[in-house]
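Report on the following structure.
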There are 2 protein chains.
Amino acid sequence: MDLKNFFEPKSIAVIGASRNPRKPGNIILKNLVEMQYSGNIFAVNKKAVEVLGKKSYLSIKDIQGQVDLAIIATPASTVYGLLEECAFRKINDILVISGGFSESGNEKEEERIRDLIKKKKLNVLGPNCLGVFDSYSNLDTIFNPREKMERPKKGGISMVCQSGAVGSVILDLMAKENYGLRRFISYGNASGLDESDFIDYLGKDEKTKVICLYLEGVQDGEKFLETCKKVSKKKPIIAIKSGVSTEGAKAVKHHTGAIAGKSEIYKGVFRQGGILQVNSIEELLDCARIFERSKPVKGNKILVITNGGELGIIAADQIALHGLELADLSSATKEKLKGKLSPNANLRNPLDLIGDASDESYKAAIESGLEDSNVDMLLVILLPQTPTITINLLKILKNIYEKASKPICLVIPGGSFADTLKREAEDYIPSFSFSTNAVLSLKELVEYHKIIKGQE
Amino acid sequence: MDLKNFFEPKSIAVIGASRNPRKPGNIILKNLVEMQYSGNIFAVNKKAVEVLGKKSYLSIKDIQGQVDLAIIATPASTVYGLLEECAFRKINDILVISGGFSESGNEKEEERIRDLIKKKKLNVLGPNCLGVFDSYSNLDTIFNPREKMERPKKGGISMVCQSGAVGSVILDLMAKENYGLRRFISYGNASGLDESDFIDYLGKDEKTKVICLYLEGVQDGEKFLETCKKVSKKKPIIAIKSGVSTEGAKAVKHHTGAIAGKSEIYKGVFRQGGILQVNSIEELLDCARIFERSKPVKGNKILVITNGGELGIIAADQIALHGLELADLSSATKEKLKGKLSPNANLRNPLDLIGDASDESYKAAIESGLEDSNVDMLLVILLPQTPTITINLLKILKNIYEKASKPICLVIPGGSFADTLKREAEDYIPSFSFSTNAVLSLKELVEYHKIIKGQE
């Protein structure tokens with residue numbers, strides 16, 4: 001199925017382009033205009049002739065010329081009629097933002113819409129959803145104002161997210177933490193297109209390096225399994241399934257109207273589909289970033305390098321907890337490091353460069369770790385608060401990472417200064433605030449490579 | 001034991017007050033001067049007559065008048081002699097920042113120091129430590145520059161932390177997240193004073209509402225158990241024990257020279273001592289904030305209020321996971337709420353105010369939850385990215401929380417705007433970025449009250 005019009009339409013009609021700055025239709029139009037979306041944009045408002053300085057049409061029927069994508073942001077009761085108008089106007093690709101359907105007990109109206117979609121063979125995304133954000137084309141139908149919710153930079157992570165609320169949180173978090181997004185889709189009640197349609201489409205998208213899913217419930221399990229089996233051979237799929245508890249499942253039913261289903265069944269489907277299941281938004285984003293640009297993984301032996309001894313101990317505990325191993329440094333590596341580090345440095349693993357470590361001692365330690373064949377991955381923990389570390393270390397790390405043939409994770413714990421460094425480092429190396437998160441993600445990376453090898 | 005001089009000395013000598021801005025002695029002196037510490041400050045530098053614009057003494061012997069606290073920040077080899085000088089000068093309270101002892105394989109020198117401390121009956125904090133930060137007196141011996149590491153605001157959380165590295169991370173995090181600190185102590189190799197001495201002292205400190213511990217290993221187990229048994233009856237103690245894995249324990253031995261010990265033994269001691277054990281820095285700080293200013297807890301039934309349905313589902317899953325319960329709203333409450341919320345709002349628990357919820361709908365929902373006798377605690381999840389929520393909601397929440405007789409936790413997930421709100425809200429209500437963390441902390445609160453009741 002070609003879903004190009006949902007990401008790169010040449011012309012868009014915003015139906016329900018309100019003059020009220022708190023209404024979704026207003027914000028969607030504003031985002032498209034302000035982000036200088038490259039296609040034609042038509043505002044449709046049955047009561048106004050001008051919205052946000054743009055000529056407004058009373059009906060979609062009045063628009064001359066091609067409309068690739070119609071975005072509907074009007075009350076639920078109007079949606080059926082508008083879909084009919086779109087069908088009449090030969091607009092096949094339609095995004096319905098409007099809520100007020102099965103999630104509010106209005107199952108009947110949703111059923112009517114479903115039937116119409118089938119009958120007219122429309123491609124409908126929604127209803128009750130946030131829609132789409134494409135960081136490359138700048139198509140942005142997210143009706144959260146930009147001053148309240150930032151948008152992420154360009155990257156390789158694509159996100160298929162049933163819930164608009166979780167979608168908002170994820171996009172906002174990704175922007176704050178400087179994570180790179182390719183495409184975001186919130187599909188809500190999935191009356192037409194569903195998660196599988198988008199997974200399939202993203203599977204063929206070159207810029208998408210990893211696909212993340214946030215699911216309440218899947219309606220067509222067979223289609224989902226077949227799609228994921230196929231796509232996960234080409235790129236990693238990571239998923240969260242919510243409503244796993246009885247209490248949570250009850251809540252799902254009253255939310256998007258989906259049936260949460262037994263969490264054991266989902267576990268089985270995920271395993272068969274080659275999908276990595278995770279448990280929280282943090283874990284989802286952490287894994288996604290490691291997978292997005294990972295170097296090849298050969299084994300599970302980690303070298304931990306730090307300037308804060310205790311931080312190495314925390315990491316060692318985490319490594320043991322997740323069934324990974326601390327690499328034994330070869331004697332050649334130890335020999336090489338002598339004289340390059342502080343005389344009080346501890347030439348073991350965790351490699352403790354101690355509190356007066358300099359940028360240069362980090363460089364020496366990381367380079368010897370990369371050369372040591374006992375070491376499969378590096379976990380570099382940087383306590384940036386110490387007087388002897390400078391921001392120049394980031395440049396050193398960048399140069400090293402570009403040439404490295406092993407995965408490296410960076411951990412920079414602390415406050416505002418640490419966060420600034422972490423965000424900057426994220427441009428070229430997966431960076432974390434806690435080694436807890438970094439080690440868990442490295443474990444998932446090792447697991448994923450086992451799955452991939454099993455499939456070959 | 002009176003440890004007042006370690007927090008509110010009337011006069012301080014900084015021995016090793018270097019002119020090099022990267023040296024600990026320089027930064028410590030600078031922090032005391034810039035923070036306008038109210039006591040007398042003497043700089044001691046055997047090679048300079050002036051440091052940072054202050055007259056410098058060649059030796060501590062040259063200082064006229066009382067010195068309540070001596071801070072030593074010189075190489076390890078000089079520490080023994082300086083301790084002797086302090087003893088001669090009748091300075092009993094001494095903080096030794098210097099490293100290079102058992103943690104670097106120099107057990108002999110540490111043994112010599114231990115013997116001297118015993119013989120001369122000195123109160124020594126350290127060596128190999130960050131020392132002290134008291135947010136009320138502004139005593140600050142942390143040698144991380146302030147532009148790299150912020151200091152937390154005044155509050156009720158006291159922190160006893162063996163490791164300087166973890167201590168730096170915790171202080172920096174607390175400042176960033178706007179958490180309130182009373183006193184921080186990093187005690188390093190504990191050659192003189194140990195964790196128990198400080199736990200005992202903080203137990204008697206009115207401003208300390210909760211005591212947090214970060215331990216690698218305890219040397220005097222019996223003293224520790226007795227102290228904690230006594231203190232935990234008066235205020236909560238929360239602890240992390242690092243080096244719980246075999247790999248981690250090995251690393252501990254090479255760090256502060258402590259023996260990590262079997263993690264099972266520590267678990268038992270913690271339980272007997274009335275100490276709540278947690279597993280990560282995040283969890284430590286989350287619990288500390290809930291405990292710091294908790295309202296009384298009567299049971300384990302939670303009302304979840306949100307404007308993002310899916311966020312309620314995540315919370316419901318977490319609540320089930322931790323053995324807590326979703327409260328059943330009374331029919332009186334449901335009746336009260338009719339007409340005050342959006343017509344599409346879902347009058348169940350999680351109470352979904354849906355995406356167009358206003359500040360006023362939150363107010364109505366929280367107030368009826370507080371009045372409903374089926375509800376023991378409230379978890380308020382606020383998706384601030386939606387167009388209809390304004391920052392005025394924070395004021396409403398503040399007024400409600402002041403009068404509330406039940407615990408309330410606030411969750412504000414997202415990016416920069418969400419973080420700003422969260423930090424601001426933290427001034428009066430425990431606030432979190434993820435409901436995962438909030439629910440876990442509420443569970444710990446319920447557990448703690450069970451422990452307390454068991455002791456009564």
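By convention in this document, the chains of the structure tokens carry letters A, B, ... by their order, each chain's residues are numbered from 1, and ligands are numbered from 1 in the order they are shown.
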
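Look at Ala365 (chain A): the protein and nucleic acid residues within 10 Å of it, using only C-alpha atoms and passing over chain neighbours fewer than 5 places away, are Leu303, Val304, Ile305, Thr306, Thr333, Lys334, Lys336, Leu337, Lys340, Leu341, Leu347, Leu351, Asp352, Leu353, Glu360, Leu370 and Val380 of chain A.
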
For this session: Excluding Gln66 (chain B) and any residue of its chain fewer than 5 positions from it, enumerate the residues within 9 Å of it, using only C-alpha atoms, and give them as a list in words.
Result: Lys10, Ser11, Ile12 and Ile91 of chain B

Exercise. Quick one: residues within 8 Å of Lys153 (chain B), only C-alpha atoms counted, chain neighbours fewer than 3 positions away excluded, as a ChimeraX atom specification?
Worked result: /B:135,175,178-181

How would the residues just chosen look if you wrote them out with C-alpha atoms as a tab-separated table (two decimals), in the first residue's frame?
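In the end it all went to result_12.tsv:
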```tsv
chain	number	residue	atom	x	y	z
B	135	SER	CA	22.50	24.06	52.33
B	175	ALA	CA	19.87	20.83	42.04
B	178	ASN	CA	14.78	21.28	42.32
B	179	TYR	CA	14.88	18.79	45.20
B	180	GLY	CA	15.54	20.16	48.68
B	181	LEU	CA	18.67	19.15	50.63
```

Exercise. Could you write out, as a VMD selection string, all the residues of region 255-334 of chain B that DSSP marks as alpha helix (DSSP H)?
Worked result: chain B and resid 263 to 272 281 to 292 309 to 321 331 to 334

For this session: Tell me which protein, DNA and RNA residues are within 9 Å of Pro296 (chain B), counting only C-alpha atoms, leaving out same-chain ones fewer than 6 positions away, and put them as a PyMOL selection string.
Result: chain B and resi 405-407+449

Exercise. Where does DSSP see strand (DSSP E or B) in region 89-282 of chain B, if you list the residues as a count of residues only?
Worked result: 42

Pick out the chain B residues within 7 Å of chain A. Count only C-alpha atoms. Give them as a compact mmCIF listing (two decimals) with C-alpha atoms, in the first residue's frame.
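The resulting file, iface.txt, is shown below:
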```
# COMPACT_ATOMS: atom_id res chain seq x y z
CA ARG B 22 41.82 23.14 39.09
CA GLY B 100 45.84 8.09 47.67
CA SER B 104 45.10 3.12 45.62
CA ASN B 144 33.58 20.39 41.91
CA PRO B 145 33.38 23.87 40.39
CA LYS B 148 30.03 22.29 36.42
CA MET B 149 27.97 21.18 39.39
CA SER B 163 31.44 7.70 47.35
CA ALA B 165 31.52 10.35 42.54
CA VAL B 166 28.00 9.24 43.38
CA VAL B 169 25.95 13.00 40.74
CA ILE B 170 23.29 13.10 43.45
CA ASP B 172 23.97 17.81 40.79
CA LEU B 173 20.75 15.89 40.03
CA ALA B 175 19.87 20.83 42.04
CA LYS B 176 18.66 20.28 38.50
CA SER B 242 26.37 -1.07 45.84
CA GLY B 243 28.64 -3.96 44.89
CA VAL B 244 25.78 -6.43 45.23
CA SER B 245 27.04 -8.64 42.37
CA GLU B 247 31.75 -8.38 39.85
CA GLY B 248 30.62 -5.31 41.71
CA ALA B 251 35.38 -3.57 42.22
CA VAL B 252 34.43 -2.21 45.65
CA HIS B 255 37.83 1.36 45.32
CA GLY B 308 -4.25 11.44 28.48
CA GLY B 309 -6.15 8.15 28.61
CA GLU B 310 -3.17 6.00 27.72
CA LEU B 311 -1.12 7.56 30.50
CA ILE B 313 -3.40 2.81 31.48
CA ILE B 314 0.36 2.88 32.01
CA ALA B 316 -2.87 1.21 36.10
CA ASP B 317 -0.34 -1.36 34.90
CA ALA B 320 -1.09 -3.63 39.57
CA ASN B 344 -16.66 12.68 26.86
CA PRO B 350 -8.23 5.95 35.87
CA GLN B 385 1.34 19.80 25.94
CA THR B 386 -2.40 20.03 25.21
CA PRO B 387 -3.76 23.44 24.16
CA THR B 388 -6.27 23.78 27.03
CA PRO B 413 5.84 13.83 31.36
CA GLY B 414 7.45 15.37 28.30
CA GLY B 415 10.17 17.79 27.25
CA SER B 416 11.44 21.22 28.24
CA PHE B 417 8.08 22.87 28.93
```

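Between CA of Cys287 (chain A) and CA of Ser441 (chain A) there is a distance of 5.0 Å.
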
Exercise. Hey, what's within 10 Å of region 44-47 of chain A if we count only C-alpha atoms and toss same-chain stuff fewer than 3 positions away? As a PyMOL selection string, please?
Worked result: chain A and resi 13-19+25+41+50-51+55-63+70-72+74

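What separates CA of Val79 (chain A) from CA of Lys121 (chain A) is a distance of 16.1 Å.
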
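The closest residue to Tyr136 (chain A), picked from A:Ile396, A:Cys161, A:Met35, A:Val297 and counting only C-alpha atoms, is A:Met35.
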
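From CA of Ile240 (chain B) back to CA of Met159 (chain B), the distance works out to 11.3 Å.
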
For this session: Could you give me, as a list in words, the residues within 8 Å of Val160 (chain B), counting only C-alpha atoms and dropping anything in the same chain fewer than 6 positions from it?
Result: Phe184, Ile185, Ser186, Tyr187, Glu195, Phe198, Ile199, Ile211, Cys212, Leu213 and Tyr214 of chain B

Exercise. Counting only C-alpha atoms, what is within 12 Å of Asp2 (chain B), bar same-chain residues fewer than 5 positions away, as a VMD selection string?
Worked result: chain B and resid 7 to 9 92 to 93 123 193 197 to 198 200 to 202 204 to 205

Next, the residues of the selection above should be written as a PDB file, in the first residue's frame with N, CA, C and O atoms.
```pdb
ATOM      1  N   PHE B   7      29.455  21.037  60.233  1.00  0.00           N
ATOM      2  CA  PHE B   7      28.359  21.654  59.470  1.00  0.00           C
ATOM      3  C   PHE B   7      28.239  23.170  59.698  1.00  0.00           C
ATOM      4  O   PHE B   7      27.877  23.894  58.798  1.00  0.00           O
ATOM      5  N   GLU B   8      28.556  23.593  60.921  1.00  0.00           N
ATOM      6  CA  GLU B   8      28.410  25.016  61.239  1.00  0.00           C
ATOM      7  C   GLU B   8      29.615  25.523  62.024  1.00  0.00           C
ATOM      8  O   GLU B   8      29.452  26.122  63.092  1.00  0.00           O
ATOM      9  N   PRO B   9      30.819  25.290  61.512  1.00  0.00           N
ATOM     10  CA  PRO B   9      31.998  25.766  62.249  1.00  0.00           C
ATOM     11  C   PRO B   9      32.045  27.298  62.227  1.00  0.00           C
ATOM     12  O   PRO B   9      31.638  27.900  61.228  1.00  0.00           O
ATOM     13  N   ASN B  92      40.363  19.525  66.825  1.00  0.00           N
ATOM     14  CA  ASN B  92      39.921  18.132  66.929  1.00  0.00           C
ATOM     15  C   ASN B  92      39.125  17.663  65.720  1.00  0.00           C
ATOM     16  O   ASN B  92      39.081  16.486  65.418  1.00  0.00           O
ATOM     17  N   ASP B  93      38.453  18.603  65.068  1.00  0.00           N
ATOM     18  CA  ASP B  93      37.555  18.241  63.972  1.00  0.00           C
ATOM     19  C   ASP B  93      38.237  18.520  62.631  1.00  0.00           C
ATOM     20  O   ASP B  93      38.509  19.680  62.298  1.00  0.00           O
ATOM     21  N   ASN B 123      38.437  13.731  65.669  1.00  0.00           N
ATOM     22  CA  ASN B 123      37.255  13.453  64.838  1.00  0.00           C
ATOM     23  C   ASN B 123      37.638  13.707  63.387  1.00  0.00           C
ATOM     24  O   ASN B 123      37.721  14.865  62.969  1.00  0.00           O
ATOM     25  N   LEU B 193      35.582   8.992  61.557  1.00  0.00           N
ATOM     26  CA  LEU B 193      34.114   8.964  61.633  1.00  0.00           C
ATOM     27  C   LEU B 193      33.555   8.066  60.531  1.00  0.00           C
ATOM     28  O   LEU B 193      34.103   8.017  59.429  1.00  0.00           O
ATOM     29  N   ASP B 197      28.107   7.368  62.694  1.00  0.00           N
ATOM     30  CA  ASP B 197      28.247   8.620  63.452  1.00  0.00           C
ATOM     31  C   ASP B 197      27.355   9.706  62.852  1.00  0.00           C
ATOM     32  O   ASP B 197      26.713  10.470  63.574  1.00  0.00           O
ATOM     33  N   PHE B 198      27.317   9.759  61.528  1.00  0.00           N
ATOM     34  CA  PHE B 198      26.525  10.808  60.882  1.00  0.00           C
ATOM     35  C   PHE B 198      25.023  10.492  60.901  1.00  0.00           C
ATOM     36  O   PHE B 198      24.201  11.381  61.047  1.00  0.00           O
ATOM     37  N   ASP B 200      23.517   8.924  63.250  1.00  0.00           N
ATOM     38  CA  ASP B 200      23.110   9.253  64.613  1.00  0.00           C
ATOM     39  C   ASP B 200      22.907  10.765  64.769  1.00  0.00           C
ATOM     40  O   ASP B 200      21.905  11.225  65.315  1.00  0.00           O
ATOM     41  N   TYR B 201      23.857  11.526  64.232  1.00  0.00           N
ATOM     42  CA  TYR B 201      23.797  12.983  64.375  1.00  0.00           C
ATOM     43  C   TYR B 201      22.597  13.561  63.619  1.00  0.00           C
ATOM     44  O   TYR B 201      21.875  14.425  64.122  1.00  0.00           O
ATOM     45  N   LEU B 202      22.371  13.065  62.409  1.00  0.00           N
ATOM     46  CA  LEU B 202      21.238  13.554  61.601  1.00  0.00           C
ATOM     47  C   LEU B 202      19.904  13.132  62.214  1.00  0.00           C
ATOM     48  O   LEU B 202      18.889  13.805  62.041  1.00  0.00           O
ATOM     49  N   LYS B 204      19.158  13.347  65.173  1.00  0.00           N
ATOM     50  CA  LYS B 204      18.788  14.366  66.161  1.00  0.00           C
ATOM     51  C   LYS B 204      18.568  15.740  65.522  1.00  0.00           C
ATOM     52  O   LYS B 204      18.251  16.708  66.209  1.00  0.00           O
ATOM     53  N   ASP B 205      18.785  15.834  64.240  1.00  0.00           N
ATOM     54  CA  ASP B 205      18.682  17.128  63.548  1.00  0.00           C
ATOM     55  C   ASP B 205      17.247  17.378  63.096  1.00  0.00           C
ATOM     56  O   ASP B 205      16.701  16.632  62.283  1.00  0.00           O
TER      57      ASP B 205
END
```
